[in-house]
Structures are given as structure tokens and as C-alpha cells.
>>> print(open('work19.txt').read())   # compact mmCIF, C-alpha atoms
# COMPACT_ATOMS: atom_id res chain seq x y z
CA MET A 1 126.28 -206.94 -108.59
CA GLU A 2 125.70 -203.30 -109.54
CA LYS A 3 128.59 -200.99 -108.79
CA MET A 4 128.03 -198.26 -106.27
CA LYS A 5 128.08 -194.73 -107.58
CA ILE A 6 129.86 -191.77 -106.13
CA LEU A 7 128.77 -188.44 -107.55
CA ILE A 8 131.25 -185.67 -108.23
CA GLY A 9 130.32 -182.00 -108.43
CA THR A 10 132.73 -179.41 -109.75
CA GLN A 11 132.79 -175.88 -108.43
CA GLU A 12 135.12 -172.93 -108.98
CA ASP A 13 136.72 -173.46 -105.60
CA GLY A 14 136.87 -177.24 -105.46
CA LEU A 15 135.17 -180.59 -105.86
CA VAL A 16 132.27 -182.13 -103.96
CA PHE A 17 131.98 -185.90 -103.56
CA LYS A 18 128.84 -187.62 -102.42
CA LEU A 19 127.54 -191.16 -102.28
CA HIS A 20 124.61 -191.86 -104.55
CA PRO A 21 121.54 -192.49 -102.35
CA LYS A 22 121.39 -196.16 -103.47
CA ALA A 23 125.05 -196.67 -102.55
CA ARG A 24 124.46 -195.03 -99.22
CA ARG A 25 121.53 -197.36 -98.48
CA LYS A 26 123.57 -200.40 -99.56
CA ILE A 27 126.37 -199.55 -97.12
CA GLU A 28 123.99 -198.68 -94.30
CA LYS A 29 122.21 -202.02 -94.80
CA LYS A 30 125.44 -203.98 -94.63
CA TYR A 31 127.11 -201.93 -91.89
CA LYS A 32 124.23 -200.93 -89.64
CA ASP A 33 126.29 -198.96 -87.14
CA LYS A 34 128.13 -196.92 -89.74
CA ILE A 35 127.66 -193.17 -89.72
CA LEU A 36 128.36 -191.83 -93.18
CA PRO A 37 129.21 -188.22 -93.97
CA ALA A 38 126.74 -186.36 -96.17
CA HIS A 39 129.53 -185.38 -98.54
CA PHE A 40 133.04 -184.05 -98.55
CA PHE A 41 134.60 -181.10 -100.24
CA VAL A 42 138.13 -180.82 -101.63
CA ALA A 43 139.07 -177.17 -101.91
CA TYR A 44 141.84 -175.99 -104.15
CA ASP A 45 143.59 -172.69 -103.99
CA ILE A 46 145.45 -173.11 -107.25
CA LYS A 47 143.47 -175.09 -109.74
CA THR A 48 146.39 -176.07 -111.96
CA ASN A 49 148.32 -177.55 -109.08
CA PHE A 50 145.26 -179.38 -107.92
CA GLU A 51 144.59 -180.88 -111.33
CA ASN A 52 148.13 -182.27 -111.42
CA THR A 53 147.26 -184.42 -108.43
CA TYR A 54 143.62 -185.01 -109.31
CA GLY A 55 144.05 -188.62 -110.43
CA SER A 56 145.63 -189.72 -107.19
CA ILE A 57 142.87 -188.13 -105.11
CA LEU A 58 140.10 -190.04 -106.91
CA GLY A 59 141.46 -193.35 -105.66
CA GLN A 60 141.00 -192.27 -102.06
CA VAL A 61 137.54 -190.74 -102.31
CA ALA A 62 135.54 -193.90 -101.61
CA SER A 63 137.49 -194.74 -98.46
CA ILE A 64 137.00 -191.22 -97.10
CA LEU A 65 133.28 -191.23 -97.87
CA THR A 66 132.58 -194.70 -96.53
CA GLY A 67 135.33 -195.54 -94.06
CA LEU A 68 135.61 -198.91 -95.80
CA SER A 69 138.76 -200.61 -97.05
CA ASP A 70 139.35 -201.46 -100.70
CA ASP A 71 138.52 -205.12 -99.94
CA GLU A 72 135.26 -204.21 -98.21
CA LEU A 73 134.29 -201.96 -101.13
CA LYS A 74 135.12 -204.76 -103.56
CA LYS A 75 132.87 -207.18 -101.65
CA LEU A 76 130.04 -204.68 -102.11
CA GLY A 77 130.57 -204.78 -105.88
CA GLY A 78 133.09 -201.98 -106.35
CA TYR A 79 132.30 -198.44 -107.30
CA GLN A 80 132.47 -195.77 -109.95
CA ILE A 81 132.88 -192.04 -109.58
CA ILE A 82 130.60 -190.33 -112.07
CA GLN A 83 129.76 -186.84 -113.25
CA PRO A 84 125.99 -186.97 -112.82
CA VAL A 85 125.09 -184.44 -115.51
CA ASP A 86 126.43 -186.52 -118.41
CA GLU A 87 126.95 -189.76 -116.43
CA LYS A 88 130.59 -189.85 -117.50
CA VAL A 89 132.64 -192.28 -115.42
CA VAL A 90 135.80 -190.53 -114.20
CA TYR A 91 137.01 -193.41 -112.02
CA ASP A 92 136.26 -197.11 -111.88
CA SER A 93 137.52 -199.19 -108.97
CA ASP A 94 138.07 -202.22 -111.24
CA LYS A 95 140.19 -200.31 -113.73
CA ASN A 96 142.57 -198.63 -111.34
CA MET B 1 94.05 -163.47 -110.84
CA ILE B 2 96.41 -163.00 -113.80
CA ALA B 3 95.24 -165.25 -116.66
CA THR B 4 98.37 -165.43 -118.82
CA ARG B 5 101.90 -164.64 -117.78
CA THR B 6 104.29 -162.53 -119.77
CA SER B 7 108.02 -162.59 -119.19
CA LYS B 8 107.72 -159.47 -117.06
CA SER B 9 104.85 -160.84 -114.99
CA LYS B 10 106.89 -164.00 -114.40
CA GLN B 11 109.64 -161.83 -112.93
CA TYR B 12 107.10 -160.21 -110.61
CA LEU B 13 105.77 -163.61 -109.62
CA GLY B 14 109.26 -165.00 -109.03
CA LYS B 15 110.25 -162.06 -106.89
CA ALA B 16 106.99 -162.35 -104.91
CA GLY B 17 107.88 -165.99 -104.19
CA HIS B 18 111.43 -165.09 -103.12
CA LEU B 19 110.24 -162.42 -100.74
CA LEU B 20 107.53 -164.69 -99.35
CA VAL B 21 110.10 -167.36 -98.53
CA MET B 22 112.54 -164.80 -97.14
CA SER B 23 109.77 -163.49 -94.92
CA GLU B 24 109.17 -166.97 -93.54
CA PHE B 25 112.88 -167.48 -92.83
CA LEU B 26 113.04 -164.15 -91.01
CA TYR B 27 109.98 -165.08 -88.98
CA ARG B 28 111.80 -168.27 -88.00
CA GLY B 29 114.85 -166.29 -86.85
CA TRP B 30 117.14 -167.04 -89.80
CA ASN B 31 118.92 -164.19 -91.57
CA VAL B 32 118.51 -163.86 -95.33
CA ALA B 33 120.14 -162.15 -98.29
CA ILE B 34 119.83 -162.02 -102.05
CA PRO B 35 123.20 -162.28 -103.85
CA GLU B 36 124.15 -159.03 -105.60
CA VAL B 37 125.09 -160.99 -108.71
CA ASP B 38 122.65 -163.65 -109.85
CA VAL B 39 124.60 -166.87 -110.42
CA GLY B 40 121.66 -169.17 -109.92
CA ASP B 41 121.34 -169.10 -106.15
CA ASP B 42 118.15 -167.35 -105.17
CA ILE B 43 118.58 -166.76 -101.47
CA PHE B 44 121.33 -167.08 -98.91
CA VAL B 45 120.07 -168.12 -95.49
CA VAL B 46 122.36 -167.68 -92.54
CA LYS B 47 122.27 -168.91 -88.97
CA ASP B 48 123.73 -165.82 -87.32
CA SER B 49 125.10 -167.50 -84.20
CA ALA B 50 127.25 -169.97 -86.13
CA GLY B 51 127.61 -168.17 -89.46
CA THR B 52 126.37 -171.30 -91.21
CA LEU B 53 125.29 -170.61 -94.78
CA PHE B 54 122.52 -172.36 -96.65
CA LYS B 55 121.58 -171.80 -100.28
CA VAL B 56 117.89 -171.83 -101.07
CA GLN B 57 116.34 -172.06 -104.51
CA VAL B 58 112.77 -170.80 -104.66
CA LYS B 59 110.40 -172.01 -107.34
CA THR B 60 107.12 -170.14 -107.68
CA GLY B 61 104.08 -171.07 -109.74
CA ILE B 62 100.39 -170.40 -110.13
CA ALA B 63 98.12 -173.37 -109.63
CA LYS B 64 95.60 -174.44 -112.23
CA GLN B 65 92.36 -175.82 -110.89
CA LYS B 66 91.64 -179.44 -111.84
CA GLY B 67 88.23 -180.35 -110.49
CA ALA B 68 86.46 -178.97 -107.44
CA THR B 69 89.29 -179.26 -104.94
CA ASN B 70 92.28 -180.38 -106.99
CA TYR B 71 95.02 -178.19 -108.37
CA GLU B 72 98.26 -178.66 -110.24
CA CYS B 73 101.25 -176.43 -110.64
CA SER B 74 104.19 -176.71 -113.04
CA TYR B 75 107.79 -175.70 -112.50
CA SER B 76 111.04 -176.32 -114.33
CA LEU B 77 114.50 -176.98 -112.98
CA LYS B 78 117.92 -177.10 -114.57
CA LYS B 79 119.03 -180.71 -114.53
CA SER B 80 122.66 -179.80 -113.82
CA GLN B 81 121.65 -177.90 -110.70
CA LEU B 82 119.63 -180.79 -109.36
CA VAL B 83 121.94 -183.72 -110.06
CA GLU B 84 125.34 -182.26 -109.14
CA PRO B 85 126.37 -182.31 -105.49
CA LYS B 86 127.17 -178.83 -104.18
CA GLU B 87 128.87 -177.27 -101.21
CA PRO B 88 126.93 -175.91 -99.45
CA GLU B 89 123.98 -178.02 -100.49
CA ILE B 90 120.84 -176.46 -101.95
CA THR B 91 117.40 -176.52 -100.39
CA TYR B 92 114.45 -176.19 -102.74
CA VAL B 93 111.31 -174.38 -101.66
CA PHE B 94 108.30 -174.64 -103.96
CA VAL B 95 105.71 -171.93 -103.60
CA VAL B 96 102.25 -172.02 -105.13
CA ARG B 97 99.56 -169.42 -105.56
CA PHE B 98 95.95 -170.65 -105.37
CA GLY B 99 93.70 -167.83 -106.58
CA ASP B 100 94.04 -165.08 -103.99
CA GLU B 101 96.08 -167.08 -101.46
CA TRP B 102 99.48 -168.66 -101.15
CA GLY B 103 99.49 -172.41 -100.70
CA PRO B 104 101.74 -174.49 -98.45
CA TYR B 105 105.50 -174.50 -98.85
CA LEU B 106 107.05 -177.68 -100.19
CA ILE B 107 110.59 -178.01 -98.91
CA PHE B 108 113.15 -180.52 -100.15
CA SER B 109 116.85 -180.95 -99.74
CA ARG B 110 118.55 -181.35 -103.13
CA ASP B 111 119.27 -184.96 -102.23
CA VAL B 112 115.64 -185.84 -101.70
CA LEU B 113 114.47 -184.16 -104.88
CA TYR B 114 117.30 -185.81 -106.83
CA GLU B 115 116.32 -189.22 -105.57
CA LEU B 116 112.66 -188.64 -106.41
CA PHE B 117 113.73 -187.51 -109.87
CA GLU B 118 116.02 -190.49 -110.47
CA GLU B 119 113.47 -193.04 -109.38
CA ASN B 120 110.40 -191.59 -111.03
CA SER B 121 111.25 -189.41 -113.98
CA LYS B 122 112.68 -190.40 -117.33
CA ALA B 123 113.69 -186.86 -118.28
CA SER B 124 116.97 -186.71 -120.14
CA ALA B 125 116.86 -183.11 -121.34
CA ASN B 126 118.72 -180.28 -119.64
CA SER B 127 115.51 -179.03 -118.10
CA ILE B 128 113.38 -181.04 -115.70
CA SER B 129 109.65 -180.54 -115.72
CA ILE B 130 108.03 -180.72 -112.31
CA LYS B 131 104.25 -180.92 -112.08
CA ILE B 132 102.90 -181.01 -108.56
CA HIS B 133 99.36 -182.20 -107.96
CA TYR B 134 97.53 -180.79 -104.97
CA LYS B 135 94.73 -183.15 -103.99
CA LYS B 136 93.94 -184.58 -100.58
CA GLU B 137 97.60 -185.59 -100.75
CA ILE B 138 100.30 -183.78 -102.67
CA GLU B 139 101.89 -185.77 -105.48
CA LEU B 140 104.92 -185.48 -107.73
CA TRP B 141 105.73 -188.06 -110.41
CA GLY B 142 103.04 -190.29 -108.92
CA LYS B 143 104.59 -190.27 -105.44
CA ASP B 144 102.97 -188.91 -102.32
CA ILE B 145 105.14 -186.00 -101.20
CA THR B 146 102.79 -184.63 -98.55
CA LYS B 147 105.43 -185.13 -95.87
CA TYR B 148 107.48 -182.33 -97.42
CA LYS B 149 104.65 -179.84 -96.91
CA ASN B 150 105.89 -177.06 -94.60
CA ASN B 151 108.84 -179.33 -93.84
CA TRP B 152 110.98 -176.80 -91.94
CA GLU B 153 112.81 -179.42 -89.87
CA ASN B 154 116.22 -178.22 -91.12
CA PHE B 155 115.30 -174.65 -90.24
CA PRO B 156 113.77 -174.74 -86.77
CA ILE B 157 112.61 -171.52 -85.16
CA ILE B 158 115.51 -169.68 -83.52
CA ASN B 159 114.67 -167.58 -80.50
CA HIS B 160 116.95 -164.53 -80.34
>>> encode(input="work19.txt", output="C-alpha cells")
Amino acid sequence: MEKMKILIGTQEDGLVFKLHPKARRKIEKKYKDKILPAHFFVAYDIKTNFENTYGSILGQVASILTGLSDDELKKLGGYQIIQPVDEKVVYDSDKN
Amino acid sequence: MIATRTSKSKQYLGKAGHLLVMSEFLYRGWNVAIPEVDVGDDIFVVKDSAGTLFKVQVKTGIAKQKGATNYECSYSLKKSQLVEPKEPEITYVFVVRFGDEWGPYLIFSRDVLYELFEENSKASANSISIKIHYKKEIELWGKDITKYKNNWENFPIINH
């Protein structure tokens, strides 16, 4: 089963996380009454401090975006957080 | 009609497209501004009552006639701008000049254009080539995109 993708966008003032359209459709198909946010934004006032905690935030992104538990996400095939420009995987649910 | 476009004439064309789109937003009751420093966002559109900000990228081109009633128009986009999620999100407005008249607006959220790109284009370079065909229907990458013609649903008319 193909892993769902979460896209990450980096800006000067924070990070944007968004479900890939295919992942969004997959969740909406399985959980028909689920209302998913378009995206969410993590702002940081002090970039250095933020980057110190960056790793721990990535593990929570999928739950915030989908409202699903780790088990539910696993049943859907797991997920990866990727930088869409170079398709670099910055987080993989199976490796963390 | 201008036959070939120099760098300077492209600037004139681009600015004409910006102002055309800004004019339409104003007509619809949305406030507009051009950023003082150009960092890639063409127009800021603001809903005055709520202070909600939208970023709009305008792409302007001149159509080439292909047959009696068919036209095509080419644009290019930076891949990084299209594929990366942003806050606030970007709306793309494509403007086309047919001879002595402006054609319809094509309006896409970044999401929609990204999905069309991912499903239908194999481009891997930093720049994405967009060729829109204006026939009875409007097509991009072989897909009918007519439903995005004058698609102002995210910017309804505001009565002040």
C-alpha cells in the first residue's frame, strides 16, 4: 500500500504542512464524515529555538492534519513528510 | 498586435495583466495592492471587513491562433512556487490576449494547479511550461479545464 504524503513548505516565519491531494482523498474515502483542514502553519519567532524542537514536531503533524491516531494512520499504509521541490523525505512513519 | 516580444514589452504586457486582474478584484469589492518589494507575489488581495489576505499570482500571455477558432497560449511557472504549500495560499489567474481583446480569466487555487501538474505533466525542471489551448473547451495537459474559466467562487462580489 502506497504511503500517504504530507507536503512541507518552508517560509521565513514558519512551516506549512498540507496533505497531498491523493492522501486527502484516501482519508475522505475511508472516513466519509471527516472534515480535514486545508493546511496548518507552525510559526516560529526564533528560528534557532524552533529548529531545536523540529524533530519532535514532525511526529505530531499527521495527527493534527488528519485527526487520526497512529494506529489508524498505519492501517492506511503510513505516511511520509516530504519537501515537494526535491521530494526529499524528512519524516517516515515507519522509521520513527 | 505586437508580433515579437522584447524583454521590455514583456514587462508592459505583464503589468497590463496585473492591472487588468486588479481592476476585476476592485469591481468585485476586494481591495488590492502591489507589494513595494517584489518577492514573487504579484498582488495582495484583501477582504476589508475581515482583513483576510490572499496572494494572487497573475500570468499573462498573448494567444497564437491555431486554426479558424482555436488559440493557444504559453506561460511558465517556477516549480518551487507551485509545489510548495504556502501560508497564505496562492491563487493563480491566467490572462490571455486574443488580438485586440482580453480573453476569459482562468482561476486556480495552487492546490488545483498542483494536482493537475502532478497527474498530467512529466516536467522535472525548475520551470514548468504551461500551454493552454482555447478551443470549444479550454485544455491544459490534455485535460478539460473549462470549469476554471472566470471561476471567481472564492472571490464573490462584496457589496459595500
>>> atom_distance(input="work19.txt", atom1="atom CA of Thr66 of chain A", atom2="atom CA of Gln11 of chain A")
22.3 Å
>>> residues_around(input="work19.txt", residues="Arg24 of chain A", least_positions_apart="2", cutoff="10 Å", atoms="all atoms listed in the file", output="list in words")
Met4, Lys5, Ile6, Lys18, Leu19, His20, Pro21, Lys22, Lys26, Ile27, Glu28, Lys29, Leu36, Pro37, Ala38, Leu65 and Thr66 of chain A
>>> residues_around(input="work19.txt", residues="segment 149-153 of chain B", least_positions_apart="3", cutoff="6 Å", atoms="only C-alpha atoms", output="list in words")
Tyr105, Leu106, Ile107, Thr146 and Pro156 of chain B
>>> closest_residue(input="work19.txt", among="B:Val83, B:Ile43, B:Ala33, B:Val21", to="chain A", atoms="all atoms listed in the file")
B:Val83
>>> interface_residues(input="work19.txt", of="chain A", to="chain B", cutoff="7 Å", atoms="only C-alpha atoms", output="PyMOL selection string")
chain A and resi 7-9+16-18+21+41+84-85
>>> residues_around(input="work19.txt", residues="Met1 of chain A", least_positions_apart="3", cutoff="12 Å", atoms="all atoms listed in the file", output="short mmCIF file (atom, residue, chain, number, x, y, z; two decimals) with C-alpha atoms, keeping the file's coordinate frame")
data_model
loop_
_atom_site.label_atom_id
_atom_site.label_comp_id
_atom_site.auth_asym_id
_atom_site.auth_seq_id
_atom_site.Cartn_x
_atom_site.Cartn_y
_atom_site.Cartn_z
CA MET A 4 128.03 -198.26 -106.27
CA ALA A 23 125.05 -196.67 -102.55
CA LYS A 26 123.57 -200.40 -99.56
CA LYS A 74 135.12 -204.76 -103.56
CA LYS A 75 132.87 -207.18 -101.65
CA LEU A 76 130.04 -204.68 -102.11
CA GLY A 77 130.57 -204.78 -105.88
CA GLY A 78 133.09 -201.98 -106.35
CA TYR A 79 132.30 -198.44 -107.30
#
>>> atom_distance(input="work19.txt", atom1="atom CA of Val46 of chain B", atom2="atom CA of Thr10 of chain A")
23.3 Å
>>> axis_aligned_box(input="work19.txt", around="segment 64-69 of chain B", padding_each_side="6 Å", output="lines of an AutoDock Vina configuration file")
center_x = 91.0
center_y = -177.4
center_z = -108.6
size_x = 21.1
size_y = 17.9
size_z = 19.3
>>> atom_distance(input="work19.txt", atom1="atom CA of Phe108 of chain B", atom2="atom CA of Thr91 of chain B")
5.8 Å
>>> residues_around(input="work19.txt", residues="Leu26 of chain B", least_positions_apart="4", cutoff="12 Å", atoms="only C-alpha atoms", output="PDB file with C-alpha atoms, in the coordinates of the input")
ATOM      1  CA  LEU B  19     110.240-162.420-100.740  1.00  0.00           C
ATOM      2  CA  LEU B  20     107.530-164.690 -99.350  1.00  0.00           C
ATOM      3  CA  VAL B  21     110.100-167.360 -98.530  1.00  0.00           C
ATOM      4  CA  MET B  22     112.540-164.800 -97.140  1.00  0.00           C
ATOM      5  CA  TRP B  30     117.140-167.040 -89.800  1.00  0.00           C
ATOM      6  CA  ASN B  31     118.920-164.190 -91.570  1.00  0.00           C
ATOM      7  CA  VAL B  32     118.510-163.860 -95.330  1.00  0.00           C
ATOM      8  CA  ALA B  33     120.140-162.150 -98.290  1.00  0.00           C
ATOM      9  CA  PHE B  44     121.330-167.080 -98.910  1.00  0.00           C
ATOM     10  CA  VAL B  45     120.070-168.120 -95.490  1.00  0.00           C
ATOM     11  CA  VAL B  46     122.360-167.680 -92.540  1.00  0.00           C
ATOM     12  CA  LYS B  47     122.270-168.910 -88.970  1.00  0.00           C
ATOM     13  CA  ASP B  48     123.730-165.820 -87.320  1.00  0.00           C
ATOM     14  CA  PHE B 155     115.300-174.650 -90.240  1.00  0.00           C
ATOM     15  CA  PRO B 156     113.770-174.740 -86.770  1.00  0.00           C
ATOM     16  CA  ILE B 157     112.610-171.520 -85.160  1.00  0.00           C
ATOM     17  CA  ILE B 158     115.510-169.680 -83.520  1.00  0.00           C
ATOM     18  CA  ASN B 159     114.670-167.580 -80.500  1.00  0.00           C
ATOM     19  CA  HIS B 160     116.950-164.530 -80.340  1.00  0.00           C
TER      20      HIS B 160
END
>>> closest_residue(input="work19.txt", among="B:Phe98, B:His18, B:Gly142, B:Gly103", to="Lys66 of chain B", atoms="only C-alpha atoms")
B:Phe98
>>> residues_around(input="work19.txt", residues="Val90 of chain A", least_positions_apart="6", cutoff="8 Å", atoms="all atoms listed in the file", output="PyMOL selection string")
chain A and resi 80-83
>>> build_atoms(input="work19.txt", residues="segment 65-76 of chain A", atoms="all heavy atoms", output="mmCIF file, keeping the file's coordinate frame")
data_model
loop_
_atom_site.group_PDB
_atom_site.id
_atom_site.type_symbol
_atom_site.label_atom_id
_atom_site.label_comp_id
_atom_site.auth_asym_id
_atom_site.auth_seq_id
_atom_site.Cartn_x
_atom_site.Cartn_y
_atom_site.Cartn_z
ATOM 1 N N LEU A 65 134.748 -191.360 -97.964
ATOM 2 C CA LEU A 65 133.280 -191.230 -97.870
ATOM 3 C C LEU A 65 132.630 -192.353 -97.072
ATOM 4 O O LEU A 65 131.580 -192.172 -96.464
ATOM 5 C CB LEU A 65 132.662 -191.234 -99.275
ATOM 6 C CG LEU A 65 132.428 -189.895 -99.966
ATOM 7 C CD1 LEU A 65 131.876 -190.141 -101.362
ATOM 8 C CD2 LEU A 65 131.467 -189.013 -99.191
ATOM 9 N N THR A 66 133.248 -193.536 -97.119
ATOM 10 C CA THR A 66 132.580 -194.700 -96.530
ATOM 11 C C THR A 66 133.279 -195.243 -95.283
ATOM 12 O O THR A 66 132.668 -195.977 -94.506
ATOM 13 C CB THR A 66 132.519 -195.860 -97.548
ATOM 14 O OG1 THR A 66 133.868 -196.253 -97.869
ATOM 15 C CG2 THR A 66 131.803 -195.439 -98.822
ATOM 16 N N GLY A 67 134.562 -194.946 -95.156
ATOM 17 C CA GLY A 67 135.330 -195.540 -94.060
ATOM 18 C C GLY A 67 135.619 -197.016 -94.285
ATOM 19 O O GLY A 67 136.044 -197.716 -93.370
ATOM 20 N N LEU A 68 135.393 -197.489 -95.497
ATOM 21 C CA LEU A 68 135.610 -198.910 -95.800
ATOM 22 C C LEU A 68 136.939 -199.104 -96.536
ATOM 23 O O LEU A 68 137.405 -198.214 -97.253
ATOM 24 C CB LEU A 68 134.471 -199.448 -96.684
ATOM 25 C CG LEU A 68 133.060 -199.377 -96.076
ATOM 26 C CD1 LEU A 68 132.026 -199.834 -97.111
ATOM 27 C CD2 LEU A 68 132.963 -200.233 -94.819
ATOM 28 N N SER A 69 137.502 -200.291 -96.369
ATOM 29 C CA SER A 69 138.760 -200.610 -97.050
ATOM 30 C C SER A 69 138.459 -200.974 -98.509
ATOM 31 O O SER A 69 137.300 -201.220 -98.885
ATOM 32 C CB SER A 69 139.432 -201.792 -96.356
ATOM 33 O OG SER A 69 138.642 -202.950 -96.544
ATOM 34 N N ASP A 70 139.523 -201.062 -99.296
ATOM 35 C CA ASP A 70 139.350 -201.460 -100.700
ATOM 36 C C ASP A 70 138.701 -202.842 -100.809
ATOM 37 O O ASP A 70 137.843 -203.071 -101.667
ATOM 38 C CB ASP A 70 140.708 -201.470 -101.426
ATOM 39 C CG ASP A 70 141.220 -200.059 -101.691
ATOM 40 O OD1 ASP A 70 140.433 -199.102 -101.546
ATOM 41 O OD2 ASP A 70 142.411 -199.914 -102.032
ATOM 42 N N ASP A 71 139.097 -203.765 -99.919
ATOM 43 C CA ASP A 71 138.520 -205.120 -99.940
ATOM 44 C C ASP A 71 137.025 -205.092 -99.613
ATOM 45 O O ASP A 71 136.225 -205.783 -100.254
ATOM 46 C CB ASP A 71 139.233 -206.016 -98.923
ATOM 47 C CG ASP A 71 140.552 -206.536 -99.485
ATOM 48 O OD1 ASP A 71 140.768 -206.367 -100.712
ATOM 49 O OD2 ASP A 71 141.346 -207.098 -98.707
ATOM 50 N N GLU A 72 136.684 -204.307 -98.597
ATOM 51 C CA GLU A 72 135.260 -204.210 -98.210
ATOM 52 C C GLU A 72 134.435 -203.594 -99.347
ATOM 53 O O GLU A 72 133.311 -204.031 -99.629
ATOM 54 C CB GLU A 72 135.117 -203.378 -96.934
ATOM 55 C CG GLU A 72 135.611 -204.106 -95.691
ATOM 56 C CD GLU A 72 135.692 -203.204 -94.478
ATOM 57 O OE1 GLU A 72 136.134 -202.039 -94.604
ATOM 58 O OE2 GLU A 72 135.322 -203.660 -93.386
ATOM 59 N N LEU A 73 135.006 -202.588 -100.002
ATOM 60 C CA LEU A 73 134.290 -201.960 -101.130
ATOM 61 C C LEU A 73 134.136 -202.941 -102.284
ATOM 62 O O LEU A 73 133.108 -202.988 -102.945
ATOM 63 C CB LEU A 73 135.051 -200.703 -101.592
ATOM 64 C CG LEU A 73 134.995 -199.504 -100.629
ATOM 65 C CD1 LEU A 73 136.066 -198.478 -100.966
ATOM 66 C CD2 LEU A 73 133.615 -198.855 -100.650
ATOM 67 N N LYS A 74 135.165 -203.761 -102.479
ATOM 68 C CA LYS A 74 135.120 -204.760 -103.560
ATOM 69 C C LYS A 74 134.021 -205.786 -103.298
ATOM 70 O O LYS A 74 133.287 -206.191 -104.199
ATOM 71 C CB LYS A 74 136.485 -205.449 -103.665
ATOM 72 C CG LYS A 74 136.751 -206.085 -105.003
ATOM 73 C CD LYS A 74 138.197 -206.556 -105.100
ATOM 74 C CE LYS A 74 138.447 -207.181 -106.455
ATOM 75 N NZ LYS A 74 139.831 -207.609 -106.622
ATOM 76 N N LYS A 75 133.910 -206.200 -102.008
ATOM 77 C CA LYS A 75 132.870 -207.180 -101.650
ATOM 78 C C LYS A 75 131.462 -206.620 -101.880
ATOM 79 O O LYS A 75 130.507 -207.371 -102.060
ATOM 80 C CB LYS A 75 133.035 -207.601 -100.188
ATOM 81 C CG LYS A 75 134.141 -208.623 -100.000
ATOM 82 C CD LYS A 75 134.329 -208.953 -98.534
ATOM 83 C CE LYS A 75 135.603 -209.762 -98.326
ATOM 84 N NZ LYS A 75 136.032 -209.811 -96.931
ATOM 85 N N LEU A 76 131.344 -205.300 -101.846
ATOM 86 C CA LEU A 76 130.040 -204.680 -102.110
ATOM 87 C C LEU A 76 129.812 -204.439 -103.602
ATOM 88 O O LEU A 76 128.834 -203.826 -103.999
ATOM 89 C CB LEU A 76 129.935 -203.341 -101.355
ATOM 90 C CG LEU A 76 129.746 -203.430 -99.843
ATOM 91 C CD1 LEU A 76 129.931 -202.055 -99.196
ATOM 92 C CD2 LEU A 76 128.363 -203.972 -99.490
#
